[in-house]
$ cat structure17.cif   # mmCIF, C-alpha atoms (C1' of nucleotides)
data_run
#
loop_
_atom_site.label_atom_id
_atom_site.label_comp_id
_atom_site.auth_asym_id
_atom_site.auth_seq_id
_atom_site.Cartn_x
_atom_site.Cartn_y
_atom_site.Cartn_z
CA MET A 1 -1.88 59.37 38.88
CA VAL A 2 -0.90 62.24 36.63
CA LYS A 3 1.57 61.32 33.92
CA TYR A 4 4.29 63.99 33.84
CA VAL A 5 6.02 63.65 30.52
CA LYS A 6 8.65 66.30 31.10
CA ILE A 7 10.13 66.98 34.48
CA LYS A 8 8.48 69.76 36.41
CA TYR A 9 10.04 71.83 39.13
CA GLU A 10 8.11 73.72 41.77
CA LEU A 11 9.90 76.16 44.04
CA ILE A 12 8.34 75.80 47.49
CA LYS A 13 10.33 78.36 49.43
CA LYS A 14 13.69 80.05 49.77
CA ASP A 15 15.93 80.65 52.75
CA GLY A 16 18.47 83.14 51.48
CA ASN A 17 19.35 81.67 48.11
CA ALA A 18 18.85 78.10 49.35
CA ARG A 19 15.83 76.57 47.67
CA LEU A 20 13.32 74.02 48.88
CA GLY A 21 11.53 72.62 45.87
CA LYS A 22 9.73 69.70 44.33
CA LEU A 23 10.93 67.67 41.37
CA ILE A 24 8.07 65.93 39.61
CA THR A 25 9.21 63.08 37.36
CA ASN A 26 7.71 60.15 35.50
CA HIS A 27 9.04 57.97 38.29
CA GLY A 28 7.93 59.84 41.37
CA THR A 29 7.98 63.23 43.03
CA TYR A 30 10.90 64.23 45.22
CA ASP A 31 11.72 67.20 47.39
CA THR A 32 14.90 69.07 46.51
CA PRO A 33 17.75 69.73 47.06
CA ILE A 34 18.81 66.12 46.50
CA PHE A 35 21.96 64.11 46.21
CA MET A 36 22.12 61.59 43.36
CA PRO A 37 24.46 58.59 43.54
CA VAL A 38 26.25 57.51 40.39
CA GLY A 39 25.54 54.17 38.75
CA THR A 40 27.66 54.39 35.64
CA LEU A 41 27.05 50.90 34.27
CA ALA A 42 23.35 50.66 35.09
CA ASN A 43 24.12 49.86 38.70
CA VAL A 44 25.38 51.78 41.67
CA LYS A 45 28.54 49.79 42.24
CA MET A 46 28.02 46.92 44.68
CA LEU A 47 24.41 47.82 45.56
CA THR A 48 21.03 46.36 44.74
CA LYS A 49 18.11 48.59 43.93
CA GLU A 50 16.49 47.60 47.21
CA GLU A 51 19.46 49.05 49.04
CA LEU A 52 19.13 52.28 47.07
CA VAL A 53 15.44 52.48 47.93
CA ASP A 54 16.20 51.77 51.60
CA ALA A 55 18.72 54.60 51.62
CA LYS A 56 15.90 56.80 50.22
CA CYS A 57 17.71 57.66 47.03
CA ALA A 58 15.71 59.65 44.55
CA VAL A 59 17.48 60.01 41.23
CA ILE A 60 20.43 57.88 40.24
CA LEU A 61 22.84 58.45 37.36
CA SER A 62 23.91 56.24 34.52
CA ASN A 63 26.32 56.87 31.71
CA THR A 64 25.67 57.10 27.99
CA TYR A 65 29.22 56.32 26.96
CA HIS A 66 29.56 53.20 29.08
CA LEU A 67 26.17 51.75 28.19
CA TRP A 68 26.74 52.55 24.52
CA LEU A 69 29.84 50.34 24.59
CA ARG A 70 28.31 47.64 26.73
CA PRO A 71 25.70 46.23 26.48
CA GLY A 72 24.72 48.70 23.75
CA ALA A 73 21.76 51.07 23.48
CA ASP A 74 19.72 48.67 21.37
CA THR A 75 19.90 45.93 23.97
CA ILE A 76 18.61 48.32 26.60
CA LYS A 77 15.88 49.52 24.26
CA LYS A 78 14.88 45.90 23.66
CA ALA A 79 14.78 45.36 27.43
CA GLY A 80 12.18 48.11 27.54
CA GLY A 81 14.49 50.93 28.62
CA LEU A 82 16.98 51.45 31.40
CA HIS A 83 14.41 51.28 34.22
CA LYS A 84 13.19 47.84 33.19
CA PHE A 85 16.69 46.66 32.32
CA MET A 86 18.08 47.43 35.77
CA ASN A 87 14.78 47.01 37.62
CA TYR A 88 14.87 50.48 39.17
CA ASP A 89 11.63 52.41 39.08
CA GLY A 90 12.93 55.68 40.50
CA PRO A 91 14.12 58.47 38.23
CA ILE A 92 17.32 57.97 36.25
CA LEU A 93 19.56 60.67 34.81
CA THR A 94 22.03 59.81 32.07
CA ASP A 95 25.23 61.74 31.64
CA SER A 96 25.91 62.50 28.01
CA GLY A 97 29.47 61.29 27.67
CA GLY A 98 30.75 64.84 28.13
CA PHE A 99 32.83 63.89 31.12
CA GLN A 100 34.53 61.20 29.03
CA VAL A 101 35.66 63.99 26.70
CA PHE A 102 37.52 65.21 29.74
CA SER A 103 38.83 61.87 30.96
CA LEU A 104 39.40 59.82 27.79
CA ALA A 105 40.26 62.22 24.95
CA LYS A 106 44.01 62.37 25.45
CA ASN A 107 44.98 64.90 22.81
CA LYS A 108 42.28 67.53 23.16
CA ALA A 109 43.39 69.65 20.23
CA LYS A 110 43.22 66.70 17.88
CA ASP A 111 40.49 64.53 19.38
CA ILE A 112 37.87 67.22 19.95
CA THR A 113 36.47 68.52 16.68
CA GLU A 114 33.50 70.66 15.78
CA GLU A 115 31.66 67.56 14.61
CA GLY A 116 32.31 65.50 17.74
CA VAL A 117 34.90 63.74 19.85
CA HIS A 118 37.25 60.87 19.07
CA PHE A 119 37.76 58.38 21.88
CA LYS A 120 39.60 55.16 22.32
CA SER A 121 37.37 52.57 23.92
CA HIS A 122 38.62 51.78 27.41
CA ILE A 123 37.51 48.19 26.85
CA ASP A 124 39.30 47.20 23.66
CA GLY A 125 41.06 50.34 22.45
CA LYS A 126 38.83 50.65 19.40
CA SER A 127 38.44 54.15 17.94
CA LEU A 128 35.07 55.69 18.64
CA PHE A 129 33.39 58.90 17.58
CA LEU A 130 30.70 60.49 19.71
CA THR A 131 28.64 63.46 18.50
CA PRO A 132 25.84 65.48 20.09
CA GLU A 133 23.35 63.75 17.80
CA LEU A 134 24.62 60.28 18.66
CA SER A 135 24.62 61.04 22.38
CA MET A 136 20.97 62.08 22.10
CA GLU A 137 20.08 59.02 20.04
CA ILE A 138 21.66 56.73 22.64
CA GLN A 139 20.03 58.55 25.56
CA ASN A 140 16.65 58.51 23.80
CA LYS A 141 16.96 54.74 23.49
CA LEU A 142 18.09 54.32 27.08
CA ASP A 143 14.89 56.21 27.97
CA SER A 144 16.23 57.79 31.13
CA ASP A 145 14.07 60.44 32.81
CA ILE A 146 16.68 63.14 32.33
CA ALA A 147 19.15 63.31 29.45
CA MET A 148 22.11 65.64 29.53
CA SER A 149 23.42 67.76 26.68
CA PHE A 150 26.68 66.64 25.15
CA ASP A 151 29.37 69.07 26.26
CA GLU A 152 33.06 69.39 26.85
CA CYS A 153 33.98 69.28 30.51
CA ILE A 154 36.85 71.75 30.29
CA PRO A 155 40.01 70.87 32.22
CA TYR A 156 41.50 73.22 34.77
CA PRO A 157 43.52 75.25 34.31
CA ALA A 158 42.75 76.35 30.76
CA THR A 159 43.49 79.60 28.98
CA TYR A 160 40.79 82.17 28.39
CA ASP A 161 40.98 81.55 24.65
CA TYR A 162 40.59 77.81 25.02
CA VAL A 163 37.68 78.15 27.44
CA LYS A 164 36.00 80.66 25.13
CA GLN A 165 36.17 78.54 22.02
CA SER A 166 35.23 75.38 23.92
CA THR A 167 32.29 77.07 25.62
CA GLU A 168 31.02 78.38 22.29
CA ARG A 169 31.35 74.94 20.77
CA THR A 170 29.46 73.40 23.70
CA LEU A 171 26.65 75.87 22.97
CA ARG A 172 26.57 74.76 19.32
CA TRP A 173 26.58 71.13 20.48
CA ALA A 174 23.70 71.89 22.86
CA LYS A 175 21.64 73.32 19.97
CA ARG A 176 22.44 70.34 17.74
CA GLY A 177 21.55 67.91 20.52
CA LYS A 178 18.29 69.68 21.24
CA ASP A 179 17.33 69.59 17.56
CA ALA A 180 18.14 65.89 17.31
CA PHE A 181 16.43 65.02 20.60
CA ASP A 182 13.45 62.73 20.05
CA ASN A 183 11.78 61.23 23.13
CA GLU A 184 8.66 62.92 24.45
CA ASN A 185 8.87 61.09 27.78
CA GLN A 186 12.36 62.34 28.49
CA SER A 187 13.64 65.70 29.75
CA LEU A 188 16.78 67.39 28.51
CA PHE A 189 19.10 69.55 30.60
CA GLY A 190 21.52 72.16 29.28
CA ILE A 191 25.01 72.54 30.72
CA VAL A 192 26.74 75.82 31.55
CA GLN A 193 30.48 75.90 30.93
CA GLY A 194 32.80 78.92 30.89
CA GLY A 195 35.60 77.74 33.15
CA GLU A 196 36.70 80.15 35.83
CA TYR A 197 35.94 83.26 33.75
CA GLU A 198 33.05 85.37 34.90
CA ASP A 199 32.05 86.77 31.51
CA LEU A 200 32.19 83.34 29.88
CA ARG A 201 30.10 81.76 32.63
CA LYS A 202 27.53 84.51 32.16
CA TYR A 203 27.60 84.18 28.38
CA SER A 204 27.26 80.38 28.60
CA ALA A 205 24.40 80.60 31.10
CA VAL A 206 22.45 83.25 29.18
CA GLU A 207 22.83 81.52 25.84
CA THR A 208 21.99 78.08 27.24
CA VAL A 209 18.85 79.41 28.92
CA LYS A 210 17.76 81.04 25.64
CA MET A 211 17.57 77.58 24.09
CA GLY A 212 14.99 76.52 26.65
CA PHE A 213 15.90 73.33 28.50
CA ASP A 214 13.98 71.41 31.17
CA GLY A 215 16.73 72.07 33.68
CA TYR A 216 20.20 73.55 33.85
CA SER A 217 23.42 72.26 35.18
CA ILE A 218 26.70 73.89 36.00
CA GLY A 219 29.50 71.81 34.59
CA GLY A 220 33.26 71.95 34.42
CA THR A 221 33.50 71.97 38.21
CA SER A 222 35.37 69.66 40.57
CA VAL A 223 38.13 69.10 38.03
CA GLY A 224 40.96 70.15 40.31
CA GLU A 225 40.27 73.88 40.43
CA GLY A 226 40.12 74.29 44.18
CA LYS A 227 37.10 75.05 46.27
CA GLU A 228 37.09 78.84 46.15
CA THR A 229 37.33 78.76 42.36
CA MET A 230 34.55 76.22 42.18
CA TYR A 231 32.24 78.36 44.28
CA LYS A 232 33.00 81.33 42.06
CA MET A 233 32.13 79.27 39.00
CA VAL A 234 28.73 78.63 40.57
CA ASP A 235 28.26 82.24 41.61
CA TYR A 236 29.08 83.52 38.13
CA ALA A 237 26.52 81.26 36.46
CA ILE A 238 23.64 80.65 38.81
CA LYS A 239 22.22 84.15 38.84
CA TYR A 240 21.34 83.80 35.15
CA LEU A 241 19.42 80.54 35.59
CA PRO A 242 15.61 80.69 35.76
CA GLU A 243 13.95 80.19 39.15
CA ASP A 244 11.35 77.80 37.79
CA LYS A 245 13.79 75.14 36.57
CA PRO A 246 16.01 72.78 38.56
CA ARG A 247 19.71 73.64 38.88
CA TYR A 248 22.18 70.81 38.97
CA LEU A 249 25.83 71.08 40.03
CA MET A 250 27.66 68.29 38.28
CA GLY A 251 30.18 66.07 39.99
CA VAL A 252 30.03 67.65 43.42
CA GLY A 253 29.62 65.56 46.51
CA GLU A 254 31.81 66.47 49.46
CA PRO A 255 29.60 67.32 52.43
CA PHE A 256 30.98 70.84 52.70
CA ASP A 257 30.51 71.43 48.97
CA LEU A 258 26.88 70.34 49.21
CA LEU A 259 26.32 73.00 51.86
CA GLU A 260 28.05 75.66 49.77
CA GLY A 261 26.08 74.59 46.71
CA VAL A 262 22.71 74.65 48.43
CA GLN A 263 23.53 78.04 49.91
CA ARG A 264 23.97 79.32 46.36
CA GLY A 265 20.71 77.84 45.09
CA ILE A 266 21.65 74.41 43.72
CA ASP A 267 18.91 71.75 43.71
CA MET A 268 20.69 68.63 42.51
CA PHE A 269 24.12 67.13 43.05
CA ASP A 270 25.75 63.95 41.86
CA CYS A 271 29.08 62.44 42.76
CA VAL A 272 31.02 59.19 42.64
CA LEU A 273 32.65 60.10 45.94
CA PRO A 274 30.44 58.19 48.39
CA THR A 275 30.77 54.94 46.46
CA ARG A 276 34.40 55.35 45.48
CA LEU A 277 35.41 56.31 49.01
CA ALA A 278 33.45 53.34 50.28
CA ARG A 279 35.34 50.91 48.07
CA HIS A 280 38.54 52.44 49.42
CA ALA A 281 37.45 51.99 53.05
CA ASN A 282 36.54 55.62 53.77
CA ALA A 283 33.33 56.66 55.50
CA PHE A 284 31.65 60.01 55.92
CA THR A 285 30.76 60.90 59.48
CA TYR A 286 29.41 64.03 61.14
CA LYS A 287 32.86 64.48 62.65
CA GLY A 288 34.70 64.09 59.36
CA LYS A 289 35.87 61.40 57.01
CA ILE A 290 37.40 58.29 58.55
CA ASN A 291 39.51 55.50 57.07
CA LEU A 292 38.21 52.18 58.32
CA LYS A 293 41.53 50.49 57.56
CA ASN A 294 43.24 52.49 60.30
CA SER A 295 44.50 50.27 63.09
CA LYS A 296 42.78 52.41 65.72
CA PHE A 297 39.48 50.80 64.72
CA LYS A 298 40.69 47.24 65.28
CA ASP A 299 38.79 46.87 68.56
CA ASP A 300 36.21 49.62 68.05
CA PHE A 301 32.87 47.87 68.39
CA THR A 302 30.72 50.96 67.83
CA SER A 303 28.90 51.93 64.64
CA ILE A 304 30.45 54.29 62.09
CA ASP A 305 28.35 57.23 63.24
CA GLU A 306 25.97 57.18 66.16
CA LYS A 307 23.66 59.67 64.43
CA CYS A 308 23.39 57.62 61.23
CA ASP A 309 20.27 55.55 60.60
CA CYS A 310 21.59 53.45 57.72
CA TYR A 311 21.44 49.69 57.48
CA THR A 312 25.18 49.40 58.07
CA CYS A 313 25.21 51.54 61.19
CA LYS A 314 22.20 49.70 62.58
CA ASN A 315 23.85 46.30 62.14
CA TYR A 316 27.64 46.44 62.04
CA THR A 317 30.62 47.79 63.98
CA LYS A 318 33.74 49.61 62.81
CA ALA A 319 35.89 46.69 63.99
CA TYR A 320 33.91 44.27 61.82
CA ILE A 321 34.02 46.51 58.75
CA ARG A 322 37.75 47.07 59.27
CA HIS A 323 38.22 43.32 59.43
CA LEU A 324 36.35 42.91 56.13
CA PHE A 325 38.65 45.43 54.42
CA VAL A 326 41.82 43.98 55.89
CA ALA A 327 40.67 40.55 54.75
CA LYS A 328 39.74 41.97 51.34
CA GLU A 329 36.15 40.87 51.63
CA GLY A 330 33.86 42.75 49.23
CA LEU A 331 31.12 43.07 51.82
CA GLY A 332 33.10 45.91 53.43
CA GLY A 333 32.75 48.01 50.30
CA ARG A 334 29.06 47.23 50.11
CA LEU A 335 28.40 48.19 53.70
CA LEU A 336 30.31 51.45 53.38
CA SER A 337 28.60 52.28 50.08
CA ILE A 338 25.25 51.92 51.81
CA HIS A 339 26.46 54.13 54.64
CA ASN A 340 28.07 56.86 52.55
CA ILE A 341 25.10 57.19 50.22
CA ARG A 342 22.66 57.26 53.08
CA PHE A 343 24.87 59.82 54.85
CA LEU A 344 24.63 62.28 51.96
CA VAL A 345 20.95 61.57 51.31
CA LYS A 346 20.19 62.09 54.99
CA MET A 347 22.25 65.24 55.06
CA MET A 348 20.07 66.58 52.25
CA GLU A 349 16.95 65.63 54.23
CA GLU A 350 18.28 67.68 57.13
CA ILE A 351 19.13 70.54 54.81
CA ARG A 352 15.59 70.54 53.38
CA GLN A 353 14.12 70.56 56.87
CA ALA A 354 16.40 73.45 57.81
CA ILE A 355 15.37 75.48 54.74
CA LYS A 356 11.75 74.78 55.58
CA GLU A 357 12.35 76.27 59.03
CA ASP A 358 14.45 79.19 57.77
CA ARG A 359 17.56 78.02 59.57
CA PHE A 360 19.78 76.80 56.75
CA LEU A 361 22.76 78.87 57.85
CA GLU A 362 22.35 77.66 61.43
CA TYR A 363 22.36 74.11 60.17
CA LYS A 364 25.46 74.77 58.12
CA ASN A 365 27.30 76.34 61.04
CA GLU A 366 26.30 73.52 63.33
CA PHE A 367 27.49 70.97 60.78
CA LEU A 368 30.82 72.74 60.49
CA SER A 369 31.28 73.08 64.23
CA ASN A 370 30.85 69.32 64.65
CA TYR A 371 33.42 68.64 61.97
CA GLU A 372 36.69 67.91 63.74
CA ASP A 373 39.05 68.00 60.81
CA LYS A 374 38.52 71.61 59.73
CA ALA A 375 41.49 71.55 57.41
CA LYS A 376 39.77 68.91 55.31
CA LEU A 377 36.69 71.00 54.68
"C1'" G B 1 79.55 10.11 62.91
"C1'" C B 2 81.22 11.54 57.60
"C1'" G B 3 80.44 14.53 53.17
"C1'" G B 4 77.75 18.48 50.64
"C1'" A B 5 74.55 22.85 50.50
"C1'" A B 6 72.28 26.84 52.77
"C1'" U B 7 71.61 31.00 56.58
"C1'" U B 8 69.62 38.69 53.92
"C1'" G B 9 63.44 42.84 57.19
"C1'" G B 10 57.16 40.36 59.75
"C1'" U B 11 57.17 36.88 55.15
"C1'" G B 12 58.97 35.30 50.02
"C1'" A B 13 63.26 36.61 48.23
"C1'" A B 14 67.23 39.69 44.54
"C1'" G B 15 72.11 41.48 45.02
"C1'" U B 16 77.32 43.73 45.28
"C1'" G B 17 84.70 43.90 47.77
"C1'" G B 18 83.44 50.68 48.14
"C1'" U B 19 78.05 56.65 48.92
"C1'" U B 20 70.88 55.53 50.00
"C1'" A B 21 70.65 46.49 50.34
"C1'" A B 22 66.22 45.46 44.29
"C1'" C B 23 61.40 43.72 44.01
"C1'" A B 24 56.90 41.51 45.94
"C1'" C B 25 53.60 40.53 49.98
"C1'" G B 26 52.44 42.14 54.85
"C1'" G B 27 52.32 46.50 58.28
"C1'" C B 28 51.43 51.80 58.96
"C1'" G B 29 49.59 56.31 56.78
"C1'" G B 30 47.54 59.36 52.80
"C1'" A B 31 44.77 60.47 48.25
"C1'" U B 32 40.03 60.05 45.79
"C1'" U B 33 34.37 65.40 43.53
"C1'" G B 34 29.36 64.55 35.79
"C1'" U B 35 33.70 56.35 38.00
"C1'" G B 36 38.52 52.86 32.44
"C1'" G B 37 40.41 51.52 38.39
"C1'" U B 38 38.71 46.43 45.10
"C1'" U B 39 42.86 51.93 42.41
"C1'" C B 40 46.92 55.19 43.13
"C1'" C B 41 50.81 57.45 46.26
"C1'" G B 42 54.09 57.60 50.48
"C1'" U B 43 56.53 54.93 54.33
"C1'" U B 44 58.46 50.47 56.41
"C1'" A B 45 66.17 46.19 57.34
"C1'" U B 46 71.77 51.97 60.49
"C1'" G B 47 71.60 46.13 58.65
"C1'" C B 48 72.69 40.75 55.43
"C1'" A B 49 73.11 33.80 61.61
"C1'" U B 50 77.26 34.54 65.60
"C1'" C B 51 82.47 35.38 66.64
"C1'" G B 52 87.15 36.17 64.67
"C1'" G B 53 90.47 37.09 60.39
"C1'" U B 54 92.18 39.12 55.32
"C1'" U B 55 91.63 44.21 53.25
"C1'" C B 56 92.32 51.23 52.95
"C1'" G B 57 87.23 49.15 53.08
"C1'" A B 58 83.21 43.20 53.82
"C1'" U B 59 76.65 41.43 53.74
"C1'" C B 60 79.78 39.76 49.66
"C1'" C B 61 86.68 36.51 50.57
"C1'" C B 62 88.77 33.00 54.65
"C1'" G B 63 88.18 30.21 59.42
"C1'" A B 64 85.46 28.59 63.64
"C1'" U B 65 80.68 28.13 65.96
"C1'" A B 66 75.28 27.60 65.66
"C1'" U B 67 70.96 26.20 63.02
"C1'" U B 68 68.46 23.93 58.80
"C1'" C B 69 68.24 20.71 54.59
"C1'" C B 70 70.17 16.63 51.43
"C1'" G B 71 73.09 12.25 50.80
"C1'" C B 72 76.08 8.12 53.09
"C1'" C B 73 77.15 5.17 57.49
#

$ encode --input "structure17.cif" --output "structure tokens"
Amino acid sequence: MVKYVKIKYELIKKDGNARLGKLITNHGTYDTPIFMPVGTLANVKMLTKEELVDAKCAVILSNTYHLWLRPGADTIKKAGGLHKFMNYDGPILTDSGGFQVFSLAKNKAKDITEEGVHFKSHIDGKSLFLTPELSMEIQNKLDSDIAMSFDECIPYPATYDYVKQSTERTLRWAKRGKDAFDNENQSLFGIVQGGEYEDLRKYSAVETVKMGFDGYSIGGTSVGEGKETMYKMVDYAIKYLPEDKPRYLMGVGEPFDLLEGVQRGIDMFDCVLPTRLARHANAFTYKGKINLKNSKFKDDFTSIDEKCDCYTCKNYTKAYIRHLFVAKEGLGGRLLSIHNIRFLVKMMEEIRQAIKEDRFLEYKNEFLSNYEDKAKL
RNA sequence: GCGGAAUUGGUGAAGUGGUUAACACGGCGGAUUGUGGUUCCGUUAUGCAUCGGUUCGAUCCCGAUAUUCCGCC
């Protein structure tokens, strides 16, 4: 078997702007576009790696910030890297801690400096300082397949001036991170920022691409900006990204958004939504999202979705899963996590097949016409 | 039988002589997009055991009745 040190991307074919491709990693080759579940603390909440493999997950995410705090990068390095530590031999992508700039740095003007970002640990309140160099050092030790540049995920709304100075700083951080990066088995992705502003998105994309990363992501999306704005953010940036590298839309995972993203040429998505919704008793279905706690499912002895092939749908009924949630039994969250992840992974399989057959838009329209709750799209 | 205490929503219970009866649980909904979170938000008693009385006004004061609990016969 060929050892691919850096990730390779091969574009197989296009249907409109939708891309069917191949992502070749040190831990297997996968067709794109793909959906990647999030496993912040070196596990996808509630699931074993066997369940991830069964759901046909490709890449999963982990988080630099969280693993830095606990158990610590050195422990994971001693374990032989993240794959050995968590016993997952598929590809792993680590987020840089950039999203925690968004969620944990309370006073942005004071906490975010040119040098790096001041946080308060969510575990013990201790003051922490994360820099592009440190983020790279941690990710290098974690030995994930894909490391992400350290950026600021800009809140929405933000003024043009704020977005401009933040986007420029993220570019400087990207350069610093790239220079400090030191792991020949690991790939590094750049992140495009620029908020909702067309010229800043273009500037960020062009300048990030000039630095030469193994892949590019569009960040600063799904932070409360509304769908139309989010799609514009993608439109503004994606045309400046090279065709021969993977494009990753960060934090996006509603079924409709996956369709809109693929249509614009996105290859990779990640989102906490399937697992978070699952823990809160919500399930994706081809007819829309349902809340398994609703009393109407009390005596519903059918599976969540008749078209789903997941372990949960093959073995359990809505009435049983509802009972688990009402009784506060953790198995309910597990079963729905399996279902929701498989739902999105399967949806991407269908999307790839549709692109292959030049009928992506037909697929999209059919998906939308089956969706009963149009307002929730 | 005598004496004492209690009686507030589905549950556990706060509370006041004067517009919307606290809170918790439960119930019913909703939210959730690079995961601090099995979380957050909304809603849920036109009524305070029953019947009278006092009062401008009573869930709150008084009386009777009912039920429950605790003592003593």

$ residues_around --input "structure17.cif" --residues "Tyr311 (chain A)" --least-positions-apart "5" --cutoff "12 Å" --atoms "only C-alpha atoms (C1' of nucleotides)" --output "PyMOL selection string"
chain A and resi 50-56+303-305+316-317+334-343

$ closest_atom_pairs --input "structure17.cif" --of "chain B" --to "chain A" --cutoff "7 Å" --atoms "all atoms listed in the file" --output "tab-separated table"
residue	atom	partner	partner_atom	distance
B:U32	C1'	A:Leu277	CA	6.8
B:U33	C1'	A:Val252	CA	4.9
B:G34	C1'	A:Gly251	CA	4.5
B:U35	C1'	A:Val272	CA	6.1
B:G36	C1'	A:His122	CA	5.1
B:U38	C1'	A:Arg279	CA	6.3

$ residues_around --input "structure17.cif" --residues "C48 (chain B)" --least-positions-apart "2" --cutoff "10 Å" --atoms "all atoms listed in the file" --output "list in words"
U7, U8, G9, A21, A45, U59 and C60 of chain B

$ axis_aligned_box --input "structure17.cif" --around "region 16-19 of chain B" --padding-each-side "3 Å" --output "JSON"
{"center_x": 81.0, "center_y": 50.2, "center_z": 47.1, "size_x": 13.4, "size_y": 18.9, "size_z": 9.6}

$ closest_residue --input "structure17.cif" --among "A:Asp15, A:Asp111, A:Glu10, A:Glu243" --to "Arg359 (chain A)" --atoms "all atoms listed in the file"
A:Asp15

$ atom_distance --input "structure17.cif" --atom1 "CA of Leu82 (chain A)" --atom2 "CA of Ser144 (chain A)"
6.4 Å

$ closest_residue --input "structure17.cif" --among "B:G12, B:C2, B:U43, B:C69" --to "C28 (chain B)" --atoms "all atoms listed in the file"
B:U43

$ closest_residue --input "structure17.cif" --among "B:G3, B:G71, B:G10, B:G57" --to "G27 (chain B)" --atoms "only C-alpha atoms (C1' of nucleotides)"
B:G10

$ atom_distance --input "structure17.cif" --atom1 "C1' of G52 (chain B)" --atom2 "C1' of G15 (chain B)"
25.3 Å

$ resolve_selection --input "structure17.cif" --expression "the PyMOL selection byres ((chain A and resi 187) around 7)" --output "number ranges by chain"
A: 6-7, 145-147, 185-186, 188-189, 214

$ write_last_selection --input "structure17.cif" --atoms "C-alpha atoms" --output "short mmCIF file (atom, residue, chain, number, x, y, z; two decimals), in the frame of the given file"
data_model
loop_
_atom_site.label_atom_id
_atom_site.label_comp_id
_atom_site.auth_asym_id
_atom_site.auth_seq_id
_atom_site.Cartn_x
_atom_site.Cartn_y
_atom_site.Cartn_z
CA LYS A 6 8.65 66.30 31.10
CA ILE A 7 10.13 66.98 34.48
CA ASP A 145 14.07 60.44 32.81
CA ILE A 146 16.68 63.14 32.33
CA ALA A 147 19.15 63.31 29.45
CA ASN A 185 8.87 61.09 27.78
CA GLN A 186 12.36 62.34 28.49
CA LEU A 188 16.78 67.39 28.51
CA PHE A 189 19.10 69.55 30.60
CA ASP A 214 13.98 71.41 31.17
#

$ atom_distance --input "structure17.cif" --atom1 "CA of Gly332 (chain A)" --atom2 "CA of Glu306 (chain A)"
18.4 Å

$ closest_residue --input "structure17.cif" --among "A:Ile138, A:Leu20, A:Val5, A:Cys313" --to "Gln353 (chain A)" --atoms "only C-alpha atoms"
A:Leu20
